[in-house]
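coords_31.csv follows (CSV, C-alpha atoms):
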chain,number,residue,atom,x,y,z
A,1,MET,CA,7.9,21.8,13.0
A,2,LYS,CA,7.1,25.2,14.5
A,3,ARG,CA,3.9,26.0,12.7
A,4,GLU,CA,0.7,25.4,14.6
A,5,LYS,CA,-0.9,23.5,11.7
A,6,VAL,CA,0.6,21.0,9.2
A,7,ARG,CA,-0.5,22.4,5.8
A,8,VAL,CA,-1.3,19.7,3.3
A,9,GLY,CA,-1.7,19.6,-0.4
A,10,ILE,CA,-3.6,16.8,-2.3
A,11,ILE,CA,-2.5,15.8,-5.8
A,12,GLY,CA,-5.2,13.7,-7.4
A,13,CYS,CA,-8.8,14.1,-6.1
A,14,GLY,CA,-10.3,10.9,-7.3
A,15,GLY,CA,-11.5,7.8,-5.5
A,16,ILE,CA,-8.6,7.0,-3.2
A,17,ALA,CA,-8.3,10.7,-2.1
A,18,ASN,CA,-12.0,11.0,-1.3
A,19,GLY,CA,-12.4,7.5,0.1
A,20,LYS,CA,-9.3,7.4,2.3
A,21,HIS,CA,-6.9,10.3,2.5
A,22,LEU,CA,-9.2,13.3,2.8
A,23,PRO,CA,-11.6,11.8,5.4
A,24,ALA,CA,-8.6,10.6,7.5
A,25,LEU,CA,-6.7,13.9,7.4
A,26,SER,CA,-9.9,15.9,8.1
A,27,LYS,CA,-10.1,14.2,11.5
A,28,ILE,CA,-6.7,15.5,12.6
A,29,LYS,CA,-6.9,18.8,14.4
A,30,GLU,CA,-3.3,19.7,13.6
A,31,VAL,CA,-3.9,19.5,9.9
A,32,GLU,CA,-5.1,22.1,7.4
A,33,ILE,CA,-5.8,21.0,3.8
A,34,VAL,CA,-4.9,24.0,1.7
A,35,GLY,CA,-4.3,22.8,-1.8
A,36,PHE,CA,-6.3,20.5,-4.2
A,37,CYS,CA,-5.0,19.5,-7.6
A,38,ASP,CA,-6.6,17.4,-10.3
A,39,LEU,CA,-6.5,17.2,-14.1
A,40,ILE,CA,-10.3,17.6,-13.9
A,41,GLU,CA,-10.6,20.9,-12.1
A,42,GLU,CA,-14.2,20.4,-11.0
A,43,ARG,CA,-13.1,17.3,-9.1
A,44,ALA,CA,-10.5,19.4,-7.2
A,45,ALA,CA,-13.0,22.2,-6.6
A,46,LYS,CA,-15.5,19.7,-5.2
A,47,ALA,CA,-12.9,18.2,-2.8
A,48,ALA,CA,-11.8,21.6,-1.7
A,49,LYS,CA,-15.3,22.6,-0.9
A,50,GLU,CA,-15.8,19.5,1.2
A,51,TYR,CA,-12.4,19.2,3.0
A,52,GLY,CA,-10.5,22.4,2.3
A,53,SER,CA,-9.5,25.3,4.6
A,54,LYS,CA,-11.3,28.6,4.2
A,55,ASN,CA,-8.8,29.9,1.6
A,56,ALA,CA,-7.9,26.5,0.0
A,57,LYS,CA,-6.6,26.8,-3.6
A,58,VAL,CA,-7.5,24.6,-6.6
A,59,TYR,CA,-5.0,23.6,-9.3
A,60,LYS,CA,-5.0,21.7,-12.5
A,61,ASP,CA,-1.1,21.4,-12.7
A,62,TYR,CA,0.7,19.9,-9.7
A,63,ARG,CA,3.7,22.1,-10.4
A,64,GLU,CA,1.7,25.1,-9.5
A,65,LEU,CA,0.7,23.6,-6.2
A,66,LEU,CA,4.3,22.8,-5.4
A,67,LYS,CA,5.2,26.5,-5.7
A,68,ASP,CA,3.2,27.2,-2.6
A,69,LYS,CA,6.0,27.5,0.0
A,70,SER,CA,3.6,27.3,2.9
A,71,ILE,CA,2.6,23.7,2.1
A,72,ASP,CA,4.5,21.2,4.4
A,73,VAL,CA,3.1,17.9,3.2
A,74,VAL,CA,1.9,16.5,-0.1
A,75,HIS,CA,-0.3,13.4,-0.6
A,76,VAL,CA,0.1,11.8,-4.0
A,77,CYS,CA,-3.2,10.1,-5.0
A,78,THR,CA,-2.7,9.7,-8.8
A,79,PRO,CA,-2.4,6.7,-11.1
A,80,ASN,CA,0.7,4.6,-10.5
A,81,LYS,CA,2.5,5.9,-13.6
A,82,SER,CA,2.9,9.4,-12.1
A,83,HIS,CA,3.7,8.5,-8.5
A,84,SER,CA,7.4,8.8,-8.9
A,85,GLU,CA,7.5,12.0,-11.0
A,86,ILE,CA,5.2,13.9,-8.6
A,87,SER,CA,6.8,12.5,-5.4
A,88,VAL,CA,10.3,13.4,-6.6
A,89,ALA,CA,9.2,16.9,-7.6
A,90,ALA,CA,7.4,17.5,-4.3
A,91,MET,CA,10.4,16.4,-2.2
A,92,GLU,CA,12.7,18.6,-4.3
A,93,ALA,CA,10.2,21.5,-3.6
A,94,GLY,CA,10.8,20.9,0.1
A,95,LYS,CA,7.6,18.9,0.9
A,96,HIS,CA,7.2,15.7,2.9
A,97,VAL,CA,5.4,13.1,0.8
A,98,MET,CA,2.8,10.5,1.5
A,99,CYS,CA,2.4,8.5,-1.8
A,100,GLU,CA,-0.5,6.1,-2.3
A,101,LYS,CA,0.5,2.5,-2.9
A,102,PRO,CA,2.2,1.0,-4.8
A,103,MET,CA,5.3,3.1,-4.5
A,104,ALA,CA,5.7,3.4,-8.3
A,105,LYS,CA,4.9,1.7,-11.6
A,106,ASN,CA,8.3,0.0,-11.6
A,107,ALA,CA,11.5,-0.5,-9.5
A,108,GLN,CA,13.5,2.1,-11.4
A,109,ASP,CA,11.0,4.8,-10.6
A,110,ALA,CA,10.7,3.7,-7.0
A,111,GLU,CA,14.5,3.9,-6.6
A,112,LYS,CA,14.4,7.5,-7.7
A,113,MET,CA,12.0,8.3,-4.9
A,114,VAL,CA,14.3,6.6,-2.3
A,115,GLU,CA,17.3,8.5,-3.6
A,116,THR,CA,15.4,11.8,-3.6
A,117,ALA,CA,14.2,11.3,0.0
A,118,LYS,CA,17.8,10.7,1.1
A,119,ARG,CA,19.3,13.6,-0.8
A,120,THR,CA,16.7,16.2,0.2
A,121,GLY,CA,16.1,15.0,3.8
A,122,MET,CA,12.3,15.1,3.2
A,123,LYS,CA,10.2,12.3,4.7
A,124,LEU,CA,8.6,9.8,2.4
A,125,THR,CA,6.0,7.2,3.2
A,126,ILE,CA,3.8,4.9,1.1
A,127,GLY,CA,0.1,4.2,1.8
A,128,TYR,CA,0.2,0.7,3.2
A,129,GLN,CA,-2.8,1.2,5.6
A,130,ASN,CA,-3.2,-2.6,6.2
A,131,ARG,CA,-0.2,-2.4,8.6
A,132,PHE,CA,-2.4,-0.3,10.8
A,133,ARG,CA,-5.2,-2.8,11.3
A,134,PRO,CA,-5.6,-4.1,14.8
A,135,ASP,CA,-4.8,-7.7,13.8
A,136,SER,CA,-1.7,-6.6,11.9
A,137,LEU,CA,-0.3,-4.5,14.8
A,138,HIS,CA,-0.9,-7.3,17.2
A,139,LEU,CA,0.7,-9.9,15.0
A,140,LYS,CA,3.7,-7.6,14.4
A,141,GLU,CA,4.3,-7.5,18.2
A,142,ILE,CA,4.1,-11.3,18.4
A,143,CYS,CA,6.6,-11.6,15.6
A,144,ASP,CA,9.0,-9.0,17.0
A,145,ARG,CA,8.9,-10.7,20.4
A,146,GLY,CA,10.1,-13.9,18.8
A,147,ASP,CA,7.0,-16.0,19.5
A,148,LEU,CA,7.1,-17.6,16.1
A,149,GLY,CA,10.9,-18.1,16.1
A,150,LYS,CA,12.6,-17.8,12.7
A,151,ILE,CA,10.0,-17.4,10.0
A,152,TYR,CA,11.1,-19.4,7.1
A,153,CYS,CA,7.9,-20.0,5.1
A,154,ALA,CA,5.1,-17.5,4.3
A,155,LYS,CA,2.2,-16.8,2.0
A,156,ALA,CA,1.1,-13.4,0.9
A,157,HIS,CA,-2.6,-13.7,0.0
A,158,ALA,CA,-4.6,-11.3,-2.1
A,159,ILE,CA,-7.3,-13.3,-3.9
A,160,ARG,CA,-10.7,-12.0,-5.1
A,161,ARG,CA,-13.1,-14.4,-6.9
A,162,ARG,CA,-14.8,-11.7,-9.0
A,163,ALA,CA,-14.0,-8.2,-8.0
A,164,VAL,CA,-12.4,-6.4,-11.0
A,165,PRO,CA,-12.3,-2.6,-10.5
A,166,THR,CA,-13.9,-1.3,-13.7
A,167,TRP,CA,-13.6,2.4,-13.0
A,168,GLY,CA,-10.7,4.8,-13.5
A,169,VAL,CA,-7.5,3.4,-15.1
A,170,PHE,CA,-7.3,0.2,-13.2
A,171,LEU,CA,-7.4,-1.9,-16.3
A,172,ASP,CA,-4.9,0.2,-18.2
A,173,GLU,CA,-1.4,-1.4,-18.2
A,174,GLU,CA,0.3,1.9,-19.4
A,175,GLU,CA,-1.1,3.9,-16.5
A,176,GLN,CA,-1.0,1.3,-13.7
A,177,GLY,CA,1.9,-1.0,-14.7
A,178,GLY,CA,-0.2,-4.1,-13.9
A,179,GLY,CA,-3.4,-5.5,-12.4
A,180,PRO,CA,-4.1,-7.3,-9.2
A,181,LEU,CA,-0.5,-8.0,-8.4
A,182,ILE,CA,0.5,-4.3,-8.3
A,183,ASP,CA,-2.9,-3.3,-6.9
A,184,ILE,CA,-3.7,-5.7,-4.0
A,185,GLY,CA,-0.8,-8.2,-4.1
A,186,THR,CA,1.4,-5.2,-3.1
A,187,HIS,CA,-0.5,-5.0,0.3
A,188,ALA,CA,-0.2,-8.7,1.1
A,189,LEU,CA,3.5,-8.7,0.2
A,190,ASP,CA,4.2,-5.6,2.3
A,191,LEU,CA,2.5,-7.1,5.3
A,192,THR,CA,4.4,-10.4,4.9
A,193,LEU,CA,7.9,-8.8,4.6
A,194,TRP,CA,7.1,-6.5,7.5
A,195,MET,CA,6.1,-9.3,9.8
A,196,MET,CA,9.2,-11.3,8.8
A,197,ASN,CA,11.4,-8.2,9.0
A,198,ASN,CA,13.1,-9.6,5.9
A,199,TYR,CA,13.9,-7.3,3.0
A,200,GLU,CA,16.6,-9.2,1.2
A,201,PRO,CA,15.2,-11.2,-1.8
A,202,LYS,CA,17.5,-13.5,-3.6
A,203,SER,CA,15.4,-14.8,-6.5
A,204,VAL,CA,11.9,-14.7,-8.0
A,205,VAL,CA,9.9,-16.9,-10.3
A,206,GLY,CA,6.5,-15.5,-11.5
A,207,THR,CA,3.5,-16.2,-13.7
A,208,THR,CA,0.7,-13.9,-14.8
A,209,TYR,CA,-2.6,-14.8,-16.5
A,210,HIS,CA,-5.1,-13.1,-18.7
A,211,GLU,CA,-7.8,-15.7,-19.0
A,212,LEU,CA,-11.0,-14.6,-17.4
A,213,ALA,CA,-10.3,-11.1,-18.6
A,214,LYS,CA,-11.4,-12.3,-22.1
A,215,LYS,CA,-14.9,-13.1,-20.9
A,216,LYS,CA,-17.8,-10.9,-22.0
A,217,ASN,CA,-20.7,-10.0,-19.7
A,218,ALA,CA,-18.8,-11.7,-16.8
A,219,ALA,CA,-20.2,-11.8,-13.3
A,220,ASN,CA,-18.4,-9.1,-11.3
A,221,ALA,CA,-18.8,-7.1,-8.1
A,222,TRP,CA,-18.8,-3.8,-10.1
A,223,GLY,CA,-20.5,-5.0,-13.2
A,224,PRO,CA,-19.0,-6.7,-16.3
A,225,TRP,CA,-15.7,-5.5,-17.6
A,226,ASP,CA,-14.9,-4.6,-21.2
A,227,PRO,CA,-12.5,-7.3,-22.4
A,228,LYS,CA,-11.0,-4.9,-25.0
A,229,LYS,CA,-10.0,-2.4,-22.2
A,230,PHE,CA,-8.7,-5.2,-19.9
A,231,THR,CA,-5.0,-4.9,-20.7
A,232,VAL,CA,-3.6,-6.0,-17.4
A,233,GLU,CA,-3.4,-9.5,-15.9
A,234,ASP,CA,-6.4,-11.0,-14.0
A,235,SER,CA,-4.2,-13.1,-11.7
A,236,ALA,CA,-0.5,-13.3,-10.8
A,237,PHE,CA,1.6,-15.6,-8.7
A,238,GLY,CA,5.1,-15.4,-7.4
A,239,PHE,CA,7.6,-17.8,-5.7
A,240,ILE,CA,10.1,-15.7,-3.8
A,241,ILE,CA,13.3,-17.0,-2.2
A,242,MET,CA,15.0,-14.7,0.3
A,243,LYS,CA,18.8,-14.5,0.9
A,244,ASN,CA,18.4,-16.3,4.3
A,245,GLY,CA,16.6,-19.2,2.5
A,246,ALA,CA,13.1,-18.2,3.5
A,247,THR,CA,10.3,-18.8,1.0
A,248,ILE,CA,7.3,-16.6,0.3
A,249,ILE,CA,4.5,-17.6,-2.0
A,250,LEU,CA,2.5,-14.6,-3.4
A,251,GLU,CA,-1.0,-15.1,-4.8
A,252,SER,CA,-3.1,-12.3,-6.3
A,253,SER,CA,-6.2,-12.1,-8.4
A,254,TRP,CA,-9.2,-9.9,-9.3
A,255,ALA,CA,-10.9,-12.8,-11.1
A,256,LEU,CA,-10.2,-16.5,-10.3
A,257,ASN,CA,-12.3,-19.6,-10.1
A,258,THR,CA,-11.6,-20.2,-6.4
A,259,LEU,CA,-13.4,-20.0,-3.1
A,260,ASP,CA,-10.2,-19.4,-1.1
A,261,VAL,CA,-10.6,-15.7,-1.1
A,262,GLY,CA,-9.1,-13.0,1.1
A,263,GLU,CA,-7.2,-9.7,0.8
A,264,ALA,CA,-4.1,-8.3,2.5
A,265,GLN,CA,-3.5,-11.4,4.5
A,266,THR,CA,-0.4,-13.3,5.5
A,267,VAL,CA,0.3,-16.8,6.6
A,268,LEU,CA,3.6,-17.2,8.6
A,269,CYS,CA,5.4,-20.4,9.5
A,270,GLY,CA,8.2,-20.2,12.0
A,271,THR,CA,10.4,-22.6,14.0
A,272,GLU,CA,8.4,-21.9,17.2
A,273,GLY,CA,4.9,-21.4,15.9
A,274,GLY,CA,2.7,-20.1,13.1
A,275,ALA,CA,0.1,-17.5,12.4
A,276,ASP,CA,-2.6,-16.7,9.8
A,277,MET,CA,-5.4,-14.2,9.2
A,278,GLN,CA,-7.7,-16.5,7.4
A,279,ASN,CA,-10.4,-16.7,10.1
A,280,GLY,CA,-9.5,-13.8,12.3
A,281,LEU,CA,-6.0,-13.7,13.8
A,282,ARG,CA,-5.0,-17.3,14.7
A,283,ILE,CA,-1.7,-18.3,16.3
A,284,ASN,CA,-0.7,-22.0,16.3
A,285,GLY,CA,2.0,-23.9,18.0
A,286,GLU,CA,3.0,-26.8,20.3
A,287,GLU,CA,3.0,-26.9,24.1
A,288,PHE,CA,3.7,-29.7,26.5
A,289,GLY,CA,3.5,-32.3,23.7
A,290,ARG,CA,0.2,-30.9,22.4
A,291,LEU,CA,-0.8,-28.8,19.4
A,292,PHE,CA,-2.8,-25.6,20.1
A,293,VAL,CA,-4.6,-22.9,18.1
A,294,LYS,CA,-5.2,-19.6,19.7
A,295,ASN,CA,-7.8,-17.1,18.3
A,296,VAL,CA,-6.9,-13.6,19.2
A,297,ALA,CA,-9.7,-11.1,19.9
A,298,VAL,CA,-8.4,-7.8,18.5
A,299,ASP,CA,-9.7,-4.3,18.7
A,300,LEU,CA,-8.1,-0.9,18.6
A,301,LYS,CA,-7.8,-0.5,22.4
A,302,GLY,CA,-4.2,-0.5,23.6
A,303,VAL,CA,-2.7,1.1,20.5
A,304,ASP,CA,-0.5,4.0,21.6
A,305,PHE,CA,-2.3,7.3,21.6
A,306,TYR,CA,-5.4,5.9,19.7
A,307,SER,CA,-7.2,4.0,22.5
A,308,GLY,CA,-10.8,4.8,23.2
A,309,GLU,CA,-11.5,6.1,19.7
A,310,LYS,CA,-13.2,4.2,16.9
A,311,LEU,CA,-10.7,4.6,14.1
A,312,GLU,CA,-10.2,2.9,10.8
A,313,PRO,CA,-6.8,1.8,9.7
A,314,GLN,CA,-6.5,4.7,7.4
A,315,ASP,CA,-7.2,7.1,10.3
A,316,VAL,CA,-4.4,5.5,12.3
A,317,GLU,CA,-2.1,5.6,9.3
A,318,ALA,CA,-2.8,9.4,8.7
A,319,ARG,CA,-2.3,10.3,12.4
A,320,GLN,CA,1.0,8.3,12.6
A,321,TRP,CA,2.2,10.0,9.5
A,322,ILE,CA,1.4,13.5,10.7
A,323,GLU,CA,2.9,12.8,14.1
A,324,ALA,CA,6.1,11.7,12.3
A,325,VAL,CA,6.2,15.0,10.5
A,326,ILE,CA,5.5,17.1,13.6
A,327,ASN,CA,7.9,15.3,15.8
A,328,ASP,CA,10.6,14.7,13.1
A,329,LYS,CA,10.4,10.9,13.4
A,330,ASP,CA,10.5,8.1,10.9
A,331,PRO,CA,7.1,7.0,9.6
A,332,LEU,CA,6.1,3.4,10.2
A,333,VAL,CA,6.2,2.6,6.4
A,334,LYS,CA,9.8,3.4,5.4
A,335,PRO,CA,10.7,4.1,1.7
A,336,GLN,CA,13.4,1.5,1.6
A,337,GLU,CA,10.8,-1.2,2.7
A,338,ALA,CA,8.3,-0.1,0.0
A,339,PHE,CA,11.1,-0.1,-2.6
A,340,VAL,CA,11.8,-3.8,-1.9
A,341,VAL,CA,8.1,-4.6,-2.4
A,342,THR,CA,8.1,-2.9,-5.8
A,343,LYS,CA,11.4,-4.6,-6.7
A,344,ILE,CA,9.8,-8.0,-6.1
A,345,LEU,CA,6.6,-7.2,-7.9
A,346,ASP,CA,8.7,-5.9,-10.9
A,347,ALA,CA,10.7,-9.2,-10.8
A,348,ILE,CA,7.4,-11.3,-10.9
A,349,TYR,CA,6.3,-9.4,-14.0
A,350,GLU,CA,9.7,-9.8,-15.6
A,351,SER,CA,9.8,-13.5,-14.8
A,352,ALA,CA,6.3,-13.9,-16.3
A,353,ARG,CA,7.3,-12.1,-19.5
A,354,THR,CA,10.6,-14.0,-20.0
A,355,GLY,CA,9.7,-17.4,-18.5
A,356,LYS,CA,13.0,-17.2,-16.5
A,357,GLN,CA,14.0,-16.8,-12.9
A,358,VAL,CA,15.0,-13.3,-11.9
A,359,ASN,CA,18.0,-13.0,-9.5
A,360,PHE,CA,18.8,-10.0,-7.4
What do you get writing this file as structure tokens?
Amino acid sequence: MKREKVRVGIIGCGGIANGKHLPALSKIKEVEIVGFCDLIEERAAKAAKEYGSKNAKVYKDYRELLKDKSIDVVHVCTPNKSHSEISVAAMEAGKHVMCEKPMAKNAQDAEKMVETAKRTGMKLTIGYQNRFRPDSLHLKEICDRGDLGKIYCAKAHAIRRRAVPTWGVFLDEEEQGGGPLIDIGTHALDLTLWMMNNYEPKSVVGTTYHELAKKKNAANAWGPWDPKKFTVEDSAFGFIIMKNGATIILESSWALNTLDVGEAQTVLCGTEGGADMQNGLRINGEEFGRLFVKNVAVDLKGVDFYSGEKLEPQDVEARQWIEAVINDKDPLVKPQEAFVVTKILDAIYESARTGKQVNF
């Protein structure tokens, strides 16, 4: 890229844009946020006032934003249903795309995104910011060095006891495609596949439940939900077998009667050792006929070109993405990897609907 600043347009100015994307992008000196689009124009105007460049424009229709040839990068921060449509249109308009997770509402839509990125040569990445946590980055190095050996058993863990998001369209199956599985299970599965460096699923069996969703005046972190509007699952589980024989168990819930809680965590079991994120980052193994557990103290120091700064994972994610655009490199989260995550989630939902195993 020759231009001094990377010019960014934001499509969808709701919670995820204001809570993650805009604050992170605003910290990068090479970035200028020039376009803000939302179906509720006041929301776009408010975001533009807070984060926009001097002449930032506000739009109600994303197609109008995409006509601006000076915009290099688009961040898609809309409900899951429109991720694919907007991302495909943006890449066809010559923009690089950062799309919030999950990649799409279903595998078919996600595949269109992968194909469009290949055809247009535009960069595409998905917002899996948990890869950029200090513990995740450290564990990835351990896995890549081979310390755990061949990882043949893993657990992707995304369990909340009572934390159902009651705002926006989270409870709407038509807009989102699902509940906790597609919302937070997606993060845990992405982390697990990335650590294993294994993107070849063979078969999936899945179950979904809509049990606690029926309760009125339920205890909940964000106040009671309306059972009539709760059209997605409250918990979902998957048993995934990979082509090399490895097994992954995926657990996800917004509401479940359990104390075994934790989000965006992975448990890995390999031939040479194991690791988990259940009480900080712990590595376990065997040495000189003795078993050991190593607790790793992780902070952000030592991460390439981020050391010394207090940065949140979303800040590291945004910087890495913009660096990839400027230097014409692959982003850390590649579209093909995110597509496999969506393909597996889709298969869990299908298996739950049909009561049958889904084979790839």
Check your understanding: Excluding same-chain residues fewer than 3 positions from Ile348 (chain A), what lies within 7 Å of it counting all atoms listed in the file, as a PyMOL selection string?
Key -> chain A and resi 204-207+238+344-345+351-352
**Study point:** Pick from A:Trp254, A:Gln176, A:Ile248, A:Val164 nearest to Leu191 (chain A), counting all atoms listed in the file
**Key:** A:Ile248
Revision key, fill the gap. Of A:Pro79, A:Pro224, A:Gly280, A:Pro180, the one sitting nearest Asp135 (chain A) when using all atoms listed in the file is A:Gly280
Check your understanding: So how far away is CA of Ala158 (chain A) from CA of Gly262 (chain A), in Å?
Key ->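 Between these atoms lies a distance of 5.8 Å.
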Point to revise | A:Glu312, A:Cys99, A:Lys243, A:Asp190 ranked by distance to Gly19 (chain A), top pick (using all atoms listed in the file) | key: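 Once distances to Gly19 (chain A) are computed over all atoms listed in the file, the minimum belongs to A:Glu312.
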Check your understanding: So which one's closest to Leu148 (chain A), A:Met122, A:Met195, A:Leu281, A:Ala24? Using all atoms listed in the file, please.
Key -> A:Met195
Practice item. Would you kindly identify which residues have an atom no farther than 12 Å from (-10.4, -7.6, -17.4), using only C-alpha atoms and the file's own coordinates, and write them out as a VMD selection string? Key: chain A and resid 162 to 167 169 to 173 178 to 180 209 to 220 222 to 235 253 to 256
Practice item. Could you tell me how far CA of Cys153 (chain A) lies from CA of Lys334 (chain A), in Å and to one decimal? Key: 23.5 Å
